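Text of upload05.csv (CSV, C-alpha atoms and all ligand atoms) as supplied:
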```csv
chain,number,residue,atom,x,y,z
V,1,THR,CA,-15.4,22.3,111.1
V,2,GLY,CA,-14.5,25.9,110.4
V,3,VAL,CA,-16.7,28.9,109.7
V,4,LEU,CA,-17.0,31.1,106.6
V,5,TYR,CA,-17.3,34.7,107.6
V,6,LEU,CA,-18.6,37.2,105.0
V,7,VAL,CA,-16.8,40.5,105.8
V,8,PRO,CA,-17.9,43.8,104.2
V,9,THR,CA,-15.1,46.3,103.6
V,10,PRO,CA,-15.1,50.1,103.2
V,11,ILE,CA,-16.5,51.6,99.9
V,12,GLY,CA,-14.1,54.6,100.3
V,13,ASN,CA,-13.7,55.6,103.9
V,14,LEU,CA,-11.4,53.3,105.8
V,15,GLN,CA,-13.0,54.2,109.1
V,16,ASP,CA,-16.1,52.3,108.0
V,17,LEU,CA,-14.4,48.9,108.6
V,18,SER,CA,-16.2,47.8,111.8
V,19,ALA,CA,-14.3,46.8,115.0
V,20,ARG,CA,-15.8,43.4,114.6
V,21,ALA,CA,-14.6,43.1,111.0
V,22,VAL,CA,-11.1,44.0,112.1
V,23,GLN,CA,-11.2,41.4,114.8
V,24,THR,CA,-12.6,38.8,112.5
V,25,LEU,CA,-10.0,39.4,109.9
V,26,LYS,CA,-7.3,39.1,112.6
V,27,ASP,CA,-8.8,35.9,114.1
V,28,VAL,CA,-9.5,33.8,110.9
V,29,ASP,CA,-6.9,31.5,109.5
V,30,LEU,CA,-7.2,32.7,105.9
V,31,ILE,CA,-8.7,35.7,104.0
V,32,ALA,CA,-10.2,34.9,100.6
V,33,ALA,CA,-9.9,38.2,98.7
V,34,GLU,CA,-11.1,39.3,95.3
V,35,ASP,CA,-7.8,41.2,94.8
V,36,THR,CA,-5.1,40.3,97.3
V,37,ARG,CA,-3.0,43.4,96.6
V,38,ASN,CA,-6.0,45.7,97.0
V,39,THR,CA,-7.0,44.0,100.3
V,40,GLN,CA,-3.3,44.1,101.5
V,41,LYS,CA,-3.6,47.9,101.7
V,42,LEU,CA,-6.6,47.6,104.0
V,43,LEU,CA,-4.8,44.9,106.1
V,44,ASN,CA,-1.7,47.1,106.4
V,45,HIS,CA,-3.8,50.0,107.6
V,46,PHE,CA,-5.2,47.9,110.4
V,47,GLU,CA,-2.0,45.9,111.1
V,48,ILE,CA,-3.6,42.6,110.1
V,49,THR,CA,-1.2,39.9,109.2
V,50,THR,CA,-3.6,37.0,108.3
V,51,PRO,CA,-2.6,35.0,105.2
V,52,LYS,CA,-4.6,35.7,102.0
V,53,ILE,CA,-5.7,33.6,99.0
V,54,SER,CA,-7.2,35.1,95.8
V,55,PHE,CA,-10.9,34.4,95.2
V,56,HIS,CA,-12.4,36.1,92.2
V,57,GLU,CA,-14.9,35.6,89.4
V,58,HIS,CA,-12.2,33.9,87.2
V,59,ASN,CA,-11.0,31.3,89.7
V,60,THR,CA,-14.2,30.6,91.7
V,61,GLN,CA,-14.8,27.1,90.4
V,62,GLN,CA,-11.2,26.0,91.0
V,63,ARG,CA,-11.0,27.6,94.5
V,64,ILE,CA,-14.2,26.4,96.0
V,65,PRO,CA,-13.2,22.7,96.5
V,66,GLU,CA,-9.9,24.0,98.0
V,67,LEU,CA,-11.6,26.3,100.4
V,68,LEU,CA,-14.2,23.7,101.4
V,69,GLN,CA,-11.5,21.3,102.2
V,70,LYS,CA,-9.8,23.8,104.5
V,71,LEU,CA,-13.1,24.6,106.2
V,72,GLN,CA,-13.8,20.9,106.7
V,73,HIS,CA,-10.4,20.6,108.3
V,74,GLY,CA,-11.4,23.2,110.9
V,75,LEU,CA,-9.9,26.3,109.4
V,76,SER,CA,-11.9,29.5,109.5
V,77,ILE,CA,-12.0,31.7,106.4
V,78,ALA,CA,-13.1,35.4,105.9
V,79,GLN,CA,-14.3,36.3,102.4
V,80,VAL,CA,-13.9,39.9,101.3
V,81,SER,CA,-14.4,41.7,98.0
V,82,ASP,CA,-12.6,44.9,96.8
V,83,ALA,CA,-15.3,47.1,98.4
V,84,GLY,CA,-18.6,46.7,100.2
V,85,MET,CA,-20.5,43.5,100.8
V,86,PRO,CA,-19.3,40.2,99.3
V,87,SER,CA,-21.9,38.8,96.8
V,88,ILE,CA,-23.5,42.1,96.1
V,89,SER,CA,-22.4,42.6,92.5
V,90,ASP,CA,-19.2,40.9,93.6
V,91,PRO,CA,-17.9,37.4,94.0
V,92,GLY,CA,-19.3,35.2,96.8
V,93,LYS,CA,-22.6,33.6,96.2
V,94,GLU,CA,-21.2,30.3,94.8
V,95,LEU,CA,-18.9,29.9,97.8
V,96,VAL,CA,-21.9,30.6,100.2
V,97,ASN,CA,-24.0,28.0,98.4
V,98,ALA,CA,-21.2,25.4,98.5
V,99,CYS,CA,-20.8,25.9,102.2
V,100,ILE,CA,-24.6,25.7,102.8
V,101,THR,CA,-24.6,22.4,100.8
V,102,ALA,CA,-21.6,21.0,102.8
V,103,GLY,CA,-23.2,22.0,106.1
V,104,ILE,CA,-20.5,24.6,106.9
V,105,GLN,CA,-21.6,27.5,109.0
V,106,VAL,CA,-21.8,30.9,107.2
V,107,VAL,CA,-21.6,34.0,109.3
V,108,PRO,CA,-22.4,37.4,107.7
V,109,LEU,CA,-21.1,40.6,109.2
V,110,PRO,CA,-23.1,43.8,108.6
V,111,GLY,CA,-21.3,46.7,107.0
V,112,PRO,CA,-20.7,49.1,104.1
V,113,ASN,CA,-22.8,48.7,100.9
V,114,ALA,CA,-23.1,51.4,98.2
V,115,ALA,CA,-26.8,50.7,97.3
V,116,LEU,CA,-28.3,51.0,100.8
V,117,THR,CA,-26.0,53.9,101.7
V,118,ALA,CA,-27.2,55.8,98.6
V,119,LEU,CA,-30.9,54.8,99.1
V,120,ILE,CA,-31.2,56.2,102.6
V,121,ALA,CA,-30.1,59.7,101.5
V,122,SER,CA,-31.8,59.6,98.1
V,123,GLY,CA,-35.1,61.1,99.1
V,124,LEU,CA,-36.8,58.3,97.0
V,125,ALA,CA,-39.1,55.8,98.6
V,126,PRO,CA,-36.8,53.6,100.6
V,127,GLN,CA,-39.1,50.6,100.5
V,128,PRO,CA,-40.2,48.6,98.7
V,129,PHE,CA,-37.1,48.9,96.5
V,130,TYR,CA,-35.5,46.7,93.8
V,131,PHE,CA,-31.8,46.2,93.6
V,132,TYR,CA,-30.6,45.4,90.2
V,133,GLY,CA,-26.9,46.0,90.1
V,134,PHE,CA,-25.0,46.3,86.8
V,135,LEU,CA,-27.1,46.2,83.6
V,136,PRO,CA,-25.9,43.8,80.9
V,137,ARG,CA,-23.3,45.2,78.6
V,138,LYS,CA,-25.0,43.8,75.4
V,139,ALA,CA,-27.4,46.4,74.0
V,140,THR,CA,-30.3,44.0,73.3
V,141,GLN,CA,-30.1,42.4,76.7
V,142,MET,CA,-29.8,45.8,78.4
V,143,HIS,CA,-32.9,47.1,76.6
V,144,GLN,CA,-34.8,44.0,77.6
V,145,GLU,CA,-33.9,44.4,81.2
V,146,LEU,CA,-34.7,48.1,81.2
V,147,ALA,CA,-38.1,47.5,79.6
V,148,GLN,CA,-38.9,45.3,82.7
V,149,LEU,CA,-37.5,47.7,85.2
V,150,ALA,CA,-39.6,50.5,83.6
V,151,GLN,CA,-42.7,48.8,84.7
V,152,LEU,CA,-41.8,48.7,88.4
V,153,SER,CA,-43.7,51.0,90.7
V,154,VAL,CA,-40.9,50.9,93.3
V,155,THR,CA,-37.5,52.6,93.4
V,156,PHE,CA,-34.9,50.6,91.5
V,157,ILE,CA,-31.1,50.8,92.0
V,158,LEU,CA,-28.4,50.3,89.5
V,159,TYR,CA,-24.6,50.2,89.7
V,160,GLU,CA,-22.6,51.8,87.0
V,161,SER,CA,-19.0,52.7,86.1
V,162,PRO,CA,-18.2,56.4,85.4
V,163,TYR,CA,-17.4,55.5,81.7
V,164,ARG,CA,-21.0,54.3,81.1
V,165,VAL,CA,-23.1,56.6,83.3
V,166,GLN,CA,-24.0,59.0,80.5
V,167,LYS,CA,-25.0,56.2,78.1
V,168,THR,CA,-27.1,54.5,80.8
V,169,ILE,CA,-28.9,57.8,81.5
V,170,GLN,CA,-29.7,57.9,77.8
V,171,SER,CA,-31.0,54.3,77.8
V,172,LEU,CA,-33.0,55.0,80.9
V,173,ILE,CA,-34.6,58.0,79.1
V,174,GLN,CA,-35.6,55.7,76.2
V,175,ALA,CA,-37.1,53.2,78.7
V,176,VAL,CA,-38.9,55.3,81.2
V,177,GLY,CA,-39.1,58.8,79.6
V,178,GLU,CA,-37.1,61.9,80.5
V,179,GLU,CA,-39.4,63.1,83.2
V,180,ARG,CA,-38.8,60.2,85.7
V,181,GLN,CA,-37.1,61.3,88.9
V,182,VAL,CA,-33.6,60.0,89.4
V,183,VAL,CA,-30.9,60.3,92.0
V,184,LEU,CA,-27.2,59.8,91.4
V,185,ALA,CA,-25.0,59.1,94.4
V,186,ARG,CA,-21.4,59.7,93.6
V,187,GLU,CA,-18.3,58.8,95.5
V,188,LEU,CA,-20.1,57.8,98.7
V,189,THR,CA,-18.0,58.1,101.9
V,190,LYS,CA,-15.2,59.8,99.9
V,191,VAL,CA,-14.0,63.4,99.7
V,192,HIS,CA,-16.1,64.2,96.6
V,193,GLU,CA,-19.3,62.6,97.8
V,194,ALA,CA,-22.3,64.2,96.0
V,195,PHE,CA,-25.9,63.6,95.3
V,196,LEU,CA,-27.5,64.7,92.0
V,197,ARG,CA,-31.2,64.8,92.1
V,198,GLY,CA,-33.7,65.6,89.4
V,199,THR,CA,-35.4,64.3,86.3
V,200,LEU,CA,-33.5,62.1,83.9
V,201,ALA,CA,-33.6,65.1,81.4
V,202,GLN,CA,-32.0,67.4,84.0
V,203,VAL,CA,-29.3,64.8,84.8
V,204,GLN,CA,-28.6,64.4,81.2
V,205,THR,CA,-28.1,68.1,80.7
V,206,TYR,CA,-25.9,68.3,83.8
V,207,PHE,CA,-23.6,65.6,82.3
V,208,GLN,CA,-23.3,67.6,79.1
V,209,GLU,CA,-21.5,70.2,81.1
V,210,HIS,CA,-19.8,68.0,83.7
V,211,GLU,CA,-18.0,64.9,82.8
V,212,PRO,CA,-18.9,62.0,85.1
V,213,ARG,CA,-16.1,61.2,87.6
V,214,GLY,CA,-15.8,58.6,90.3
V,215,GLU,CA,-18.2,55.8,91.2
V,216,TYR,CA,-22.0,56.1,90.9
V,217,VAL,CA,-25.1,54.5,92.2
V,218,ILE,CA,-28.2,55.3,90.1
V,219,LEU,CA,-31.5,55.3,91.8
V,220,VAL,CA,-34.7,55.6,89.8
V,221,ALA,CA,-38.1,56.4,91.2
V,222,GLY,CA,-40.8,53.9,90.5
V,223,LYS,CA,-43.5,54.4,87.9
V,224,THR,CA,-45.9,55.6,90.5
V,225,PRO,CA,-43.5,56.7,93.3
V,226,THR,CA,-44.8,56.4,96.8
V,227,ALA,CA,-42.4,59.1,98.2
V,228,VAL,CA,-41.2,62.4,96.7
V,229,ALA,CA,-37.7,63.8,97.0
V,230,LYS,CA,-37.8,67.1,99.0
V,231,HIS,CA,-36.0,69.2,96.4
V,232,LEU,CA,-38.8,69.1,93.9
V,233,ASP,CA,-40.3,72.5,93.1
V,234,ASP,CA,-44.0,73.2,93.2
V,235,ALA,CA,-44.6,72.6,89.5
V,236,GLN,CA,-42.8,69.3,89.6
V,237,LEU,CA,-44.6,68.3,92.7
V,238,LYS,CA,-48.0,69.1,91.2
V,239,GLN,CA,-47.0,67.1,88.1
V,240,LEU,CA,-46.1,64.1,90.2
V,241,VAL,CA,-49.2,64.3,92.3
V,242,GLN,CA,-51.2,64.5,89.1
V,243,THR,CA,-49.5,61.4,87.8
V,244,GLN,CA,-50.3,59.5,90.9
V,245,VAL,CA,-54.0,60.5,90.8
V,246,ASP,CA,-54.2,59.5,87.2
F,1,LIG,N1,-20.0,45.0,96.8
F,1,LIG,C1,-20.2,46.4,96.6
F,1,LIG,C2,-21.4,46.9,97.5
F,1,LIG,O1,-21.7,46.2,98.5
F,1,LIG,O2,-21.9,48.0,97.3
F,1,LIG,C3,-20.4,46.8,95.1
F,1,LIG,C4,-19.3,46.4,94.3
F,1,LIG,S1,-19.5,46.7,92.6
F,1,LIG,C5,-18.2,45.8,91.8
F,1,LIG,C6,-19.0,48.4,92.4
F,1,LIG,C7,-20.1,49.4,92.1
F,1,LIG,O3,-20.7,49.8,93.3
F,1,LIG,C8,-19.6,50.7,91.4
F,1,LIG,O4,-19.5,50.6,90.0
F,1,LIG,C9,-20.6,51.7,91.9
F,1,LIG,O5,-21.8,51.6,91.1
F,1,LIG,C10,-20.9,51.1,93.3
F,1,LIG,N2,-20.1,51.8,94.3
F,1,LIG,C11,-19.1,51.2,95.0
F,1,LIG,N3,-18.5,52.1,95.8
F,1,LIG,C12,-19.2,53.3,95.6
F,1,LIG,C13,-19.0,54.6,96.2
F,1,LIG,N4,-18.1,54.8,97.1
F,1,LIG,N5,-19.9,55.5,95.7
F,1,LIG,C14,-20.8,55.3,94.8
F,1,LIG,N6,-21.0,54.1,94.2
F,1,LIG,C15,-20.2,53.1,94.7
```

Produce structure tokens that represent the structure in this file.
Ligand code: SAM
Amino acid sequence: TGVLYLVPTPIGNLQDLSARAVQTLKDVDLIAAEDTRNTQKLLNHFEITTPKISFHEHNTQQRIPELLQKLQHGLSIAQVSDAGMPSISDPGKELVNACITAGIQVVPLPGPNAALTALIASGLAPQPFYFYGFLPRKATQMHQELAQLAQLSVTFILYESPYRVQKTIQSLIQAVGEERQVVLARELTKVHEAFLRGTLAQVQTYFQEHEPRGEYVILVAGKTPTAVAKHLDDAQLKQLVQTQVD
């Protein structure tokens, strides 16, 4: 039987596609891509001519039997999403499960991921942490989820689109209070990469003057954070230490 390779792709900088990822994409018989046109740009850059098939959230159920059959006939398939790691707030998990159930080997490649890339430069406690991904769109569900997240004592990580960042900051303030430390990682690995660090209130004020642009990861300190971001001034630090002692 064939092998399913899970291949992470760049989250901005094309040079982040690993040499092994390039070789794998060249060697497999088929690339299952979230958006074939988007992936084609990457393949062109690396002169990869492997055939593609679309595999996204709207055709997952229909595609899985098709892909399983090919794997069972000995073809190897690489699954990619538009950016970063497959399955992480992206298509993939159903295919992985189907392969595991069918006894087909699943080989993950390490590579780009927005959450971990943001976390290591955030200054917030890198572990333990909680990765949430996108909050639900529906207000009631979102507030329910945020109420749970608010109780965590560990750093938690959200994905968000630029159009909703401001609203999400507002909802976070309602859930955890405006004094909680937050880090926004914008446009990672791209020209306009930037980190915004401060309290939720400070970030809210910042966005009143600067419209959010680009892609964001939102990292929120836990209720009783175990590490403190370096930029904090003395007063903030004291306050934080106080909170921990209390
Ligand atoms: N599979 C991807 C991964 O492993 O990180 C995540 C895909 S998800 C559909 C897209 C979200 O990831 C964006 O809305 C944003 O929150 C985050 N993201 C992706 N690329 C990013 C980047 N270059 N800078 C900041 N956030 C990014």

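Closest approach to Thr50 in chain V among V:Cys99, V:Leu68, V:Val28, V:Ala121 is made by V:Val28 (distances from only C-alpha atoms).
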
Rows by chain and residue number, chain V within 9 Å of ligand LIG 1 (chain F), shortest pair, only C-alpha atoms and all ligand atoms, as JSON lines:
```
{"residue": "V:Pro8", "atom": "CA", "partner": "F:LIG1", "partner_atom": "O1", "distance": 7.3}
{"residue": "V:Thr9", "atom": "CA", "partner": "F:LIG1", "partner_atom": "O1", "distance": 8.3}
{"residue": "V:Pro10", "atom": "CA", "partner": "F:LIG1", "partner_atom": "N4", "distance": 8.3}
{"residue": "V:Ile11", "atom": "CA", "partner": "F:LIG1", "partner_atom": "N4", "distance": 4.5}
{"residue": "V:Gly12", "atom": "CA", "partner": "F:LIG1", "partner_atom": "N4", "distance": 5.1}
{"residue": "V:Asn13", "atom": "CA", "partner": "F:LIG1", "partner_atom": "N4", "distance": 8.1}
{"residue": "V:Ser81", "atom": "CA", "partner": "F:LIG1", "partner_atom": "N1", "distance": 6.6}
{"residue": "V:Asp82", "atom": "CA", "partner": "F:LIG1", "partner_atom": "C4", "distance": 7.3}
{"residue": "V:Ala83", "atom": "CA", "partner": "F:LIG1", "partner_atom": "C1", "distance": 5.3}
{"residue": "V:Gly84", "atom": "CA", "partner": "F:LIG1", "partner_atom": "O1", "distance": 3.6}
{"residue": "V:Met85", "atom": "CA", "partner": "F:LIG1", "partner_atom": "O1", "distance": 3.7}
{"residue": "V:Pro86", "atom": "CA", "partner": "F:LIG1", "partner_atom": "N1", "distance": 5.5}
{"residue": "V:Ser87", "atom": "CA", "partner": "F:LIG1", "partner_atom": "N1", "distance": 6.5}
{"residue": "V:Ile88", "atom": "CA", "partner": "F:LIG1", "partner_atom": "N1", "distance": 4.6}
{"residue": "V:Ser89", "atom": "CA", "partner": "F:LIG1", "partner_atom": "S1", "distance": 5.0}
{"residue": "V:Asp90", "atom": "CA", "partner": "F:LIG1", "partner_atom": "N1", "distance": 5.3}
{"residue": "V:Pro91", "atom": "CA", "partner": "F:LIG1", "partner_atom": "N1", "distance": 8.4}
{"residue": "V:Gly111", "atom": "CA", "partner": "F:LIG1", "partner_atom": "O1", "distance": 8.5}
{"residue": "V:Pro112", "atom": "CA", "partner": "F:LIG1", "partner_atom": "O1", "distance": 6.4}
{"residue": "V:Asn113", "atom": "CA", "partner": "F:LIG1", "partner_atom": "O1", "distance": 3.6}
{"residue": "V:Ala114", "atom": "CA", "partner": "F:LIG1", "partner_atom": "O2", "distance": 3.7}
{"residue": "V:Ala115", "atom": "CA", "partner": "F:LIG1", "partner_atom": "O2", "distance": 5.6}
{"residue": "V:Leu116", "atom": "CA", "partner": "F:LIG1", "partner_atom": "O2", "distance": 7.9}
{"residue": "V:Thr117", "atom": "CA", "partner": "F:LIG1", "partner_atom": "O2", "distance": 8.4}
{"residue": "V:Ala118", "atom": "CA", "partner": "F:LIG1", "partner_atom": "C14", "distance": 7.5}
{"residue": "V:Gly133", "atom": "CA", "partner": "F:LIG1", "partner_atom": "O5", "distance": 7.6}
{"residue": "V:Phe134", "atom": "CA", "partner": "F:LIG1", "partner_atom": "O5", "distance": 7.5}
{"residue": "V:Leu158", "atom": "CA", "partner": "F:LIG1", "partner_atom": "O5", "distance": 6.9}
{"residue": "V:Tyr159", "atom": "CA", "partner": "F:LIG1", "partner_atom": "O5", "distance": 3.4}
{"residue": "V:Glu160", "atom": "CA", "partner": "F:LIG1", "partner_atom": "O5", "distance": 4.2}
{"residue": "V:Ser161", "atom": "CA", "partner": "F:LIG1", "partner_atom": "O4", "distance": 4.5}
{"residue": "V:Pro162", "atom": "CA", "partner": "F:LIG1", "partner_atom": "O4", "distance": 7.5}
{"residue": "V:Leu184", "atom": "CA", "partner": "F:LIG1", "partner_atom": "C14", "distance": 8.5}
{"residue": "V:Ala185", "atom": "CA", "partner": "F:LIG1", "partner_atom": "C14", "distance": 5.7}
{"residue": "V:Arg186", "atom": "CA", "partner": "F:LIG1", "partner_atom": "C14", "distance": 4.6}
{"residue": "V:Glu187", "atom": "CA", "partner": "F:LIG1", "partner_atom": "N5", "distance": 3.7}
{"residue": "V:Leu188", "atom": "CA", "partner": "F:LIG1", "partner_atom": "N5", "distance": 3.8}
{"residue": "V:Thr189", "atom": "CA", "partner": "F:LIG1", "partner_atom": "N4", "distance": 5.8}
{"residue": "V:Lys190", "atom": "CA", "partner": "F:LIG1", "partner_atom": "N4", "distance": 6.4}
{"residue": "V:Glu193", "atom": "CA", "partner": "F:LIG1", "partner_atom": "N5", "distance": 7.4}
{"residue": "V:Gly214", "atom": "CA", "partner": "F:LIG1", "partner_atom": "N5", "distance": 7.5}
{"residue": "V:Glu215", "atom": "CA", "partner": "F:LIG1", "partner_atom": "N6", "distance": 4.4}
{"residue": "V:Tyr216", "atom": "CA", "partner": "F:LIG1", "partner_atom": "N6", "distance": 4.0}
{"residue": "V:Val217", "atom": "CA", "partner": "F:LIG1", "partner_atom": "O5", "distance": 4.5}
{"residue": "V:Ile218", "atom": "CA", "partner": "F:LIG1", "partner_atom": "O5", "distance": 7.5}
```

For the residues in that selection, give me C-alpha atoms as a PDB file, keeping the file's coordinate frame.
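After the write, out-v7.pdb holds the following:
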```
ATOM      1  CA  PRO V   8     -17.900  43.800 104.200  1.00  0.00           C
ATOM      2  CA  THR V   9     -15.100  46.300 103.600  1.00  0.00           C
ATOM      3  CA  PRO V  10     -15.100  50.100 103.200  1.00  0.00           C
ATOM      4  CA  ILE V  11     -16.500  51.600  99.900  1.00  0.00           C
ATOM      5  CA  GLY V  12     -14.100  54.600 100.300  1.00  0.00           C
ATOM      6  CA  ASN V  13     -13.700  55.600 103.900  1.00  0.00           C
ATOM      7  CA  SER V  81     -14.400  41.700  98.000  1.00  0.00           C
ATOM      8  CA  ASP V  82     -12.600  44.900  96.800  1.00  0.00           C
ATOM      9  CA  ALA V  83     -15.300  47.100  98.400  1.00  0.00           C
ATOM     10  CA  GLY V  84     -18.600  46.700 100.200  1.00  0.00           C
ATOM     11  CA  MET V  85     -20.500  43.500 100.800  1.00  0.00           C
ATOM     12  CA  PRO V  86     -19.300  40.200  99.300  1.00  0.00           C
ATOM     13  CA  SER V  87     -21.900  38.800  96.800  1.00  0.00           C
ATOM     14  CA  ILE V  88     -23.500  42.100  96.100  1.00  0.00           C
ATOM     15  CA  SER V  89     -22.400  42.600  92.500  1.00  0.00           C
ATOM     16  CA  ASP V  90     -19.200  40.900  93.600  1.00  0.00           C
ATOM     17  CA  PRO V  91     -17.900  37.400  94.000  1.00  0.00           C
ATOM     18  CA  GLY V 111     -21.300  46.700 107.000  1.00  0.00           C
ATOM     19  CA  PRO V 112     -20.700  49.100 104.100  1.00  0.00           C
ATOM     20  CA  ASN V 113     -22.800  48.700 100.900  1.00  0.00           C
ATOM     21  CA  ALA V 114     -23.100  51.400  98.200  1.00  0.00           C
ATOM     22  CA  ALA V 115     -26.800  50.700  97.300  1.00  0.00           C
ATOM     23  CA  LEU V 116     -28.300  51.000 100.800  1.00  0.00           C
ATOM     24  CA  THR V 117     -26.000  53.900 101.700  1.00  0.00           C
ATOM     25  CA  ALA V 118     -27.200  55.800  98.600  1.00  0.00           C
ATOM     26  CA  GLY V 133     -26.900  46.000  90.100  1.00  0.00           C
ATOM     27  CA  PHE V 134     -25.000  46.300  86.800  1.00  0.00           C
ATOM     28  CA  LEU V 158     -28.400  50.300  89.500  1.00  0.00           C
ATOM     29  CA  TYR V 159     -24.600  50.200  89.700  1.00  0.00           C
ATOM     30  CA  GLU V 160     -22.600  51.800  87.000  1.00  0.00           C
ATOM     31  CA  SER V 161     -19.000  52.700  86.100  1.00  0.00           C
ATOM     32  CA  PRO V 162     -18.200  56.400  85.400  1.00  0.00           C
ATOM     33  CA  LEU V 184     -27.200  59.800  91.400  1.00  0.00           C
ATOM     34  CA  ALA V 185     -25.000  59.100  94.400  1.00  0.00           C
ATOM     35  CA  ARG V 186     -21.400  59.700  93.600  1.00  0.00           C
ATOM     36  CA  GLU V 187     -18.300  58.800  95.500  1.00  0.00           C
ATOM     37  CA  LEU V 188     -20.100  57.800  98.700  1.00  0.00           C
ATOM     38  CA  THR V 189     -18.000  58.100 101.900  1.00  0.00           C
ATOM     39  CA  LYS V 190     -15.200  59.800  99.900  1.00  0.00           C
ATOM     40  CA  GLU V 193     -19.300  62.600  97.800  1.00  0.00           C
ATOM     41  CA  GLY V 214     -15.800  58.600  90.300  1.00  0.00           C
ATOM     42  CA  GLU V 215     -18.200  55.800  91.200  1.00  0.00           C
ATOM     43  CA  TYR V 216     -22.000  56.100  90.900  1.00  0.00           C
ATOM     44  CA  VAL V 217     -25.100  54.500  92.200  1.00  0.00           C
ATOM     45  CA  ILE V 218     -28.200  55.300  90.100  1.00  0.00           C
TER      46      ILE V 218
END
```

- Contact residues around range 196-212 of chain V with all atoms listed in the file at 7 Å, ignoring same-chain residues under 5 positions, as a list in words: Pro162, Gln166, Ile169, Ile173, Glu178, Glu179, Arg180, Gln181, Val182, Val183, Leu184 and Ala185 of chain V

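In this model, the gap between CA of Asp35 in chain V and CA of Val3 in chain V comes to 21.3 Å.
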
- Task: Mind checking which residues fall within 8 Å of Lys223 in chain V, counting all atoms listed in the file, ignoring those fewer than 4 positions away in the same chain, and posting them as a VMD selection string?
- Result: chain V and resid 150 to 154 180

- So how far away is CA of Lys41 in chain V from CA of Ala78 in chain V, in Å? 16.3 Å

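You will find CA of Thr36 in chain V at 25.0 Å from CA of Tyr163 in chain V.
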
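Closest to His73 in chain V among V:Gly222, V:Leu30, V:Gly2, V:Leu119 is V:Gly2, based on only C-alpha atoms.
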
- Task: Mind checking which residues fall within 9 Å of Val96 in chain V, counting only C-alpha atoms, ignoring those fewer than 3 positions away in the same chain, and posting them as a ChimeraX atom specification?
- Result: /V:4,6,87,92-93,99-101,106

Listed atoms of range 97-100 of chain V boxed axis-aligned with 6 Å per side, centre + edges as JSON:
```
{"center_x": -22.7, "center_y": 26.7, "center_z": 100.6, "size_x": 15.8, "size_y": 14.6, "size_z": 16.4}
```

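Minimum distance to Ala175 in chain V across V:Val191, V:Leu42, V:Leu146, V:Leu135 (counting all atoms listed in the file) occurs at V:Leu146.
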
- Item | Long-range neighbours of Pro51 in chain V as a ChimeraX atom specification, 10 Å cut-off, all atoms listed in the file, 2 positions minimum in chain | /V:25-26,28-32,36,40,48-49,53

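Closest approach to Leu172 in chain V from the set V:Phe46, V:Phe55, V:Phe156, V:Tyr130 is made by V:Phe156, with distances taken over only C-alpha atoms.
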
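Closest approach to Gln148 in chain V from the set V:Val176, V:Ala33, V:Val220, V:Leu14 is made by V:Val176, with distances taken over all atoms listed in the file.
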